[in-house]
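J.: Below is the file run_20.csv, with CSV, C-alpha atoms.
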```
chain,number,residue,atom,x,y,z
A,1,MET,CA,-0.8,-5.6,-82.5
A,2,ARG,CA,-4.0,-7.6,-81.8
A,3,PRO,CA,-7.3,-5.9,-82.7
A,4,ALA,CA,-8.8,-6.4,-79.3
A,5,ILE,CA,-5.9,-4.6,-77.6
A,6,VAL,CA,-6.2,-1.8,-80.2
A,7,PHE,CA,-9.9,-1.5,-79.4
A,8,ALA,CA,-9.2,-1.3,-75.7
A,9,ALA,CA,-6.5,1.3,-76.0
A,10,PHE,CA,-8.7,3.5,-78.3
A,11,ALA,CA,-11.7,3.1,-76.0
A,12,LEU,CA,-9.8,4.2,-73.0
A,13,SER,CA,-8.2,7.1,-74.9
A,14,PHE,CA,-11.4,8.5,-76.2
A,15,ALA,CA,-13.5,8.0,-73.2
A,16,LEU,CA,-11.0,9.0,-70.5
A,17,GLY,CA,-8.3,11.1,-72.1
A,18,CYS,CA,-4.7,11.2,-70.9
A,19,SER,CA,-5.7,12.6,-67.6
A,20,LYS,CA,-8.9,13.8,-65.9
A,21,GLY,CA,-10.1,17.2,-66.8
A,22,PRO,CA,-12.1,19.8,-64.9
A,23,THR,CA,-15.8,19.1,-64.2
A,24,GLY,CA,-18.8,21.0,-63.0
A,25,ALA,CA,-19.5,24.7,-63.7
A,26,ALA,CA,-17.3,27.0,-65.6
A,27,ASP,CA,-14.3,28.5,-63.8
A,28,ALA,CA,-15.0,31.5,-61.7
A,29,PRO,CA,-12.6,34.0,-60.3
A,30,GLY,CA,-11.3,32.9,-56.8
A,31,THR,CA,-10.7,35.0,-53.8
A,32,LEU,CA,-8.1,34.8,-51.1
A,33,THR,CA,-8.5,35.9,-47.5
A,34,PRO,CA,-5.2,37.5,-46.3
A,35,VAL,CA,-3.7,35.9,-43.2
A,36,THR,CA,-1.8,38.0,-40.7
A,37,LEU,CA,1.2,36.2,-39.3
A,38,PRO,CA,2.6,36.7,-35.9
A,39,THR,CA,5.6,39.1,-35.7
A,40,ASP,CA,7.9,36.3,-34.7
A,41,HIS,CA,6.8,33.9,-37.5
A,42,PRO,CA,9.6,32.6,-39.7
A,43,VAL,CA,9.9,34.2,-43.1
A,44,LEU,CA,7.8,32.4,-45.8
A,45,THR,CA,8.8,32.0,-49.4
A,46,PRO,CA,5.8,32.9,-51.5
A,47,LEU,CA,4.6,30.5,-54.2
A,48,PRO,CA,5.6,31.5,-57.7
A,49,ASP,CA,3.1,33.2,-60.0
A,50,PRO,CA,1.2,30.4,-61.8
A,51,GLU,CA,1.6,32.4,-65.1
A,52,ALA,CA,5.4,32.2,-64.7
A,53,ASN,CA,5.4,28.6,-63.6
A,54,GLY,CA,3.6,26.7,-66.4
A,55,GLY,CA,0.2,27.3,-64.9
A,56,HIS,CA,1.1,25.6,-61.6
A,57,ALA,CA,0.6,27.3,-58.2
A,58,GLY,CA,3.6,25.4,-56.8
A,59,ARG,CA,6.1,23.1,-58.3
A,60,ALA,CA,5.2,21.4,-61.5
A,61,PRO,CA,4.5,17.7,-61.6
A,62,ARG,CA,7.6,15.6,-62.0
A,63,ARG,CA,7.9,12.3,-63.9
A,64,ILE,CA,9.2,9.3,-61.9
A,65,SER,CA,12.6,7.9,-62.6
A,66,VAL,CA,13.2,4.5,-64.2
A,67,ALA,CA,14.1,3.0,-60.8
A,68,GLN,CA,10.8,4.4,-59.4
A,69,LEU,CA,8.8,3.1,-62.3
A,70,LYS,CA,10.3,-0.4,-61.9
A,71,GLN,CA,9.4,-0.5,-58.2
A,72,SER,CA,6.0,1.0,-58.8
A,73,ILE,CA,5.0,-1.7,-61.4
A,74,VAL,CA,6.0,-4.5,-59.0
A,75,THR,CA,4.2,-2.8,-56.1
A,76,VAL,CA,0.8,-2.5,-57.8
A,77,THR,CA,0.8,-5.7,-59.9
A,78,GLY,CA,3.3,-8.1,-58.3
A,79,LYS,CA,5.0,-8.5,-61.7
A,80,GLN,CA,7.9,-6.8,-63.5
A,81,TRP,CA,8.1,-5.5,-67.1
A,82,SER,CA,10.5,-7.9,-68.7
A,83,GLN,CA,12.2,-5.3,-70.9
A,84,ILE,CA,12.6,-2.4,-68.4
A,85,ASP,CA,16.3,-3.0,-67.8
A,86,ASN,CA,17.0,-3.3,-71.5
A,87,LEU,CA,15.1,-0.1,-72.2
A,88,ALA,CA,16.4,1.8,-69.2
A,89,ALA,CA,18.6,4.1,-71.2
A,90,SER,CA,15.9,5.0,-73.7
A,91,LEU,CA,13.5,5.6,-70.7
A,92,GLY,CA,15.9,8.2,-69.3
A,93,GLN,CA,18.2,6.3,-66.9
A,94,ALA,CA,21.8,7.5,-66.8
A,95,ASP,CA,24.4,5.2,-68.2
A,96,TYR,CA,27.4,7.1,-66.7
A,97,ALA,CA,29.2,6.9,-70.0
A,98,LEU,CA,27.3,9.4,-72.1
A,99,THR,CA,24.9,10.7,-69.4
A,100,VAL,CA,25.5,11.1,-65.7
A,101,SER,CA,22.1,12.1,-64.6
A,102,ASP,CA,18.6,10.6,-65.0
A,103,SER,CA,16.2,12.3,-67.4
A,104,THR,CA,12.7,12.6,-66.1
A,105,GLU,CA,11.3,14.8,-68.8
A,106,PRO,CA,8.0,13.5,-70.3
A,107,ASN,CA,8.5,12.5,-74.0
A,108,LEU,CA,7.0,10.3,-76.7
A,109,VAL,CA,9.7,7.7,-76.4
A,110,PHE,CA,8.9,7.1,-72.7
A,111,ALA,CA,5.2,7.1,-73.4
A,112,LYS,CA,5.5,4.6,-76.2
A,113,PHE,CA,7.7,2.1,-74.3
A,114,LEU,CA,5.6,2.4,-71.1
A,115,ASP,CA,2.5,1.6,-73.2
A,116,ASP,CA,4.2,-1.6,-74.4
A,117,GLY,CA,5.3,-2.5,-70.9
A,118,ALA,CA,1.8,-1.9,-69.4
A,119,ARG,CA,0.2,-4.2,-72.0
A,120,GLU,CA,2.7,-7.0,-71.2
A,121,VAL,CA,2.4,-6.7,-67.4
A,122,CYS,CA,-1.3,-6.0,-67.2
A,123,LEU,CA,-2.4,-8.9,-69.5
A,124,ASN,CA,-0.1,-11.3,-67.8
A,125,VAL,CA,-1.5,-10.3,-64.4
A,126,ALA,CA,-5.0,-10.6,-65.8
A,127,ARG,CA,-4.4,-14.1,-67.1
A,128,ASP,CA,-3.1,-15.1,-63.7
A,129,ASP,CA,-6.1,-13.6,-62.0
A,130,LEU,CA,-8.4,-15.8,-64.0
A,131,ASN,CA,-7.1,-18.8,-61.9
A,132,ARG,CA,-6.9,-17.0,-58.5
A,133,ALA,CA,-9.3,-17.0,-55.7
A,134,GLN,CA,-11.1,-13.6,-55.2
A,135,GLU,CA,-9.0,-12.6,-52.2
A,136,ALA,CA,-5.7,-13.2,-54.1
A,137,ARG,CA,-6.7,-11.3,-57.3
A,138,VAL,CA,-4.8,-8.2,-58.3
A,139,LEU,CA,-7.1,-6.6,-60.9
A,140,TRP,CA,-10.6,-7.6,-59.8
A,141,PRO,CA,-10.5,-8.3,-56.0
A,142,GLU,CA,-14.0,-6.8,-55.6
A,143,VAL,CA,-15.6,-9.2,-58.1
A,144,PRO,CA,-17.1,-12.3,-56.5
A,145,GLY,CA,-17.1,-15.7,-58.0
A,146,THR,CA,-14.9,-17.3,-60.7
A,147,GLY,CA,-16.9,-16.3,-63.8
A,148,ARG,CA,-15.1,-15.1,-66.9
A,149,ASP,CA,-18.0,-13.2,-68.5
A,150,PHE,CA,-17.6,-9.7,-67.1
A,151,THR,CA,-20.5,-8.4,-69.1
A,152,THR,CA,-22.8,-9.8,-66.4
A,153,LEU,CA,-21.4,-7.5,-63.7
A,154,ASP,CA,-23.7,-4.8,-62.4
A,155,ASP,CA,-22.6,-1.1,-62.3
A,156,ALA,CA,-22.1,-1.1,-58.5
A,157,THR,CA,-19.6,-4.0,-58.6
A,158,ILE,CA,-17.7,-2.5,-61.5
A,159,ALA,CA,-17.5,0.9,-59.8
A,160,LYS,CA,-16.4,-0.7,-56.5
A,161,ASN,CA,-13.6,-2.5,-58.2
A,162,LEU,CA,-12.5,0.5,-60.2
A,163,ALA,CA,-12.4,2.6,-57.1
A,164,THR,CA,-10.1,0.0,-55.5
A,165,LEU,CA,-7.9,0.0,-58.5
A,166,SER,CA,-7.6,3.8,-58.7
A,167,VAL,CA,-6.4,3.9,-55.1
A,168,ARG,CA,-4.0,0.9,-55.7
A,169,PHE,CA,-2.4,2.5,-58.8
A,170,TRP,CA,-2.7,6.2,-58.0
A,171,GLY,CA,-3.2,6.5,-54.3
A,172,SER,CA,-6.4,8.5,-54.8
A,173,PRO,CA,-10.0,7.6,-55.8
A,174,PHE,CA,-11.8,8.7,-58.9
A,175,ASP,CA,-14.1,11.6,-58.7
A,176,ALA,CA,-17.8,10.9,-59.3
A,177,ASP,CA,-17.9,11.9,-63.0
A,178,GLU,CA,-14.7,10.1,-63.8
A,179,LEU,CA,-15.9,6.9,-62.2
A,180,VAL,CA,-19.0,7.0,-64.4
A,181,ALA,CA,-16.9,7.4,-67.5
A,182,TRP,CA,-14.5,4.5,-66.5
A,183,THR,CA,-17.5,2.3,-65.7
A,184,ALA,CA,-19.0,2.9,-69.1
A,185,THR,CA,-15.7,2.2,-70.8
A,186,PHE,CA,-15.1,-1.0,-68.9
A,187,LYS,CA,-18.5,-2.3,-70.0
A,188,LYS,CA,-17.5,-1.7,-73.7
A,189,VAL,CA,-14.1,-3.4,-73.2
A,190,ALA,CA,-15.7,-6.4,-71.4
A,191,ALA,CA,-18.2,-6.8,-74.3
A,192,ARG,CA,-15.3,-6.9,-76.7
A,193,ALA,CA,-13.3,-9.3,-74.5
A,194,LYS,CA,-16.3,-11.7,-74.5
A,195,THR,CA,-16.6,-11.5,-78.3
A,196,THR,CA,-13.0,-12.5,-78.8
A,197,ASN,CA,-13.1,-15.0,-76.0
A,198,LYS,CA,-10.2,-13.3,-74.2
A,199,PRO,CA,-11.6,-12.5,-70.8
A,200,GLU,CA,-8.3,-11.3,-69.4
A,201,GLN,CA,-8.5,-8.2,-71.7
A,202,ALA,CA,-11.5,-6.8,-69.8
A,203,TRP,CA,-9.7,-5.8,-66.5
A,204,GLY,CA,-6.3,-6.0,-68.2
A,205,SER,CA,-7.2,-3.1,-70.5
A,206,ILE,CA,-8.3,-1.0,-67.5
A,207,CYS,CA,-4.9,-1.8,-65.9
A,208,VAL,CA,-3.2,-0.5,-69.0
A,209,GLY,CA,-5.2,2.7,-68.8
A,210,LEU,CA,-4.3,3.2,-65.1
A,211,MET,CA,-0.6,2.5,-65.6
A,212,THR,CA,-0.2,4.8,-68.5
A,213,ASP,CA,-2.2,7.7,-66.9
A,214,PRO,CA,-0.1,10.7,-65.8
A,215,ARG,CA,-1.2,10.1,-62.2
A,216,PHE,CA,0.8,6.8,-62.2
A,217,ILE,CA,4.0,8.3,-63.5
A,218,THR,CA,4.1,11.7,-62.0
A,219,TYR,CA,4.3,13.1,-58.4
```
Would you encode the structure as C-alpha cells?
T.:
Amino acid sequence: MRPAIVFAAFALSFALGCSKGPTGAADAPGTLTPVTLPTDHPVLTPLPDPEANGGHAGRAPRRISVAQLKQSIVTVTGKQWSQIDNLAASLGQADYALTVSDSTEPNLVFAKFLDDGAREVCLNVARDDLNRAQEARVLWPEVPGTGRDFTTLDDATIAKNLATLSVRFWGSPFDADELVAWTATFKKVAARAKTTNKPEQAWGSICVGLMTDPRFITY
C-alpha cells in the first residue's frame, strides 16, 4: 500500500470518523405534544421504543445489497469497481448454492473490500479528471482552471466542491461543523499530494472517504 494513500486514509479517519457525530450543546430531554386524531382516522402503528430497537426511533439503517452498491458506484463516479463481481459472494450476494438470500449485515469483510474498491475507483476517476474540462469533471466540478496544485485553492472553493460531492454521494449536504472538518482535512491531503507529485490523490482521497462512509452504503 502506498504511503500517500495510507496518509489519506488515516487523515480522513481521524479527522472525520466513520460517520458524523452530534454537534452543538449537550443533549437535553425532549418533549412531545400529543396530537388528537379524528375519530374516523385509520389505526396507526406506534413506533417501537428506541431502547428496544437499537437506539433507533423507527427502523434501523440497512446496508445496501451488492447489486445496489454496484449501481451506486457507477452512478456517482461513472466507473465500476473491477473486482465487484469476483467478490460478490464475500460481500454478501447469494450464490443460490450455499446461500439463497443476500446478506446485508455490516461486517469487517465488507468494509475491507469496499475500502479496496473505493481506492481503485476513486483514484482512477481522479486521474481521468486531471485531463477533463471543468464541466466534465466528476470529483472537482466546482474548481475552475486546469491546475494540479490544489494547495492554492481558497476555503470557499474547497467547501463549495465538498458540498457538491456530499450531495452527489450521499444525497444530503454536510452540516456546517462537518464541512469545516472536511475542508481542513482536504487541505492536509492536498499538501501531501503535492509533496508526492500525485495530484489525483487530493480529491481522490476525499472520494474514498465519501464512498466508505456509512451514509453511502446504508439507507
J.: Can you pull out every residue within 10 Å of Phe174 of chain A, counting all atoms listed in the file, but drop anything in the same chain fewer than 6 positions away, and send it as number ranges by chain?
T.: A: 20, 159, 162-167, 180, 182
J.: Between A:Ala190, A:Ala97, A:Ala176, A:Ala118, single out the one closest to Ile73 of chain A, counting all atoms listed in the file.
T.: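 Closest candidate: A:Ala118.
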J.: Using only C-alpha atoms, tabulate the residues of segment 55-152 of chain A lying at most 9 Å from any atom of segment 200-214 of chain A, each with its closest atom pair and that distance in Å to one decimal, by chain and increasing residue number, as a Markdown table.
T.:
```
| residue | atom | partner | partner_atom | distance |
| --- | --- | --- | --- | --- |
| A:Arg63 | CA | A:Pro214 | CA | 8.4 |
| A:Ile73 | CA | A:Met211 | CA | 8.2 |
| A:Ala111 | CA | A:Thr212 | CA | 7.6 |
| A:Leu114 | CA | A:Thr212 | CA | 6.8 |
| A:Asp115 | CA | A:Thr212 | CA | 6.3 |
| A:Gly117 | CA | A:Val208 | CA | 8.9 |
| A:Ala118 | CA | A:Val208 | CA | 5.2 |
| A:Arg119 | CA | A:Val208 | CA | 5.9 |
| A:Val121 | CA | A:Val208 | CA | 8.5 |
| A:Cys122 | CA | A:Gly204 | CA | 5.1 |
| A:Leu123 | CA | A:Gly204 | CA | 5.0 |
| A:Asn124 | CA | A:Gly204 | CA | 8.2 |
| A:Val125 | CA | A:Gly204 | CA | 7.5 |
| A:Ala126 | CA | A:Glu200 | CA | 4.9 |
| A:Arg127 | CA | A:Glu200 | CA | 5.3 |
| A:Asp128 | CA | A:Glu200 | CA | 8.6 |
| A:Asp129 | CA | A:Glu200 | CA | 8.1 |
| A:Leu130 | CA | A:Glu200 | CA | 7.0 |
| A:Leu139 | CA | A:Trp203 | CA | 6.2 |
| A:Trp140 | CA | A:Trp203 | CA | 7.0 |
| A:Arg148 | CA | A:Glu200 | CA | 8.2 |
| A:Phe150 | CA | A:Ala202 | CA | 7.3 |
```
J.: May I ask for the distance between atom CA of Phe110 of chain A and atom CA of Gly92 of chain A, given in Å to one decimal place?
T.: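 Computing the Euclidean distance for atom CA of Phe110 of chain A and atom CA of Gly92 of chain A yields 7.9 Å.
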J.: For the atom pair atom CA of Gly171 of chain A and atom CA of Asp149 of chain A, what is the interatomic distance in Å to one decimal place?
T.: 28.4 Å
J.: Using only C-alpha atoms, which residue out of A:Ala94, A:Thr75, A:Trp81, A:Asn131 lies closest to Asp116 of chain A?
T.: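 Nearest to Asp116 of chain A: A:Trp81.
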J.: Go ahead and find all residues with at least one atom no further than 10 Å from (2.5, -0.5, -59.1) in the file's coordinates, using all atoms listed in the file; report them as a list of chain:residue names.
T.: A:Gln68, A:Leu69, A:Lys70, A:Gln71, A:Ser72, A:Ile73, A:Val74, A:Thr75, A:Val76, A:Thr77, A:Gly78, A:Lys79, A:Gln80, A:Arg168, A:Phe169, A:Trp170, A:Leu210, A:Met211, A:Phe216, A:Ile217
J.: Record the distance separating atom CA of Thr218 of chain A and atom CA of Arg62 of chain A, expressed in Å with one decimal.
T.: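 Atom CA of Thr218 of chain A sits 5.2 Å away from atom CA of Arg62 of chain A.
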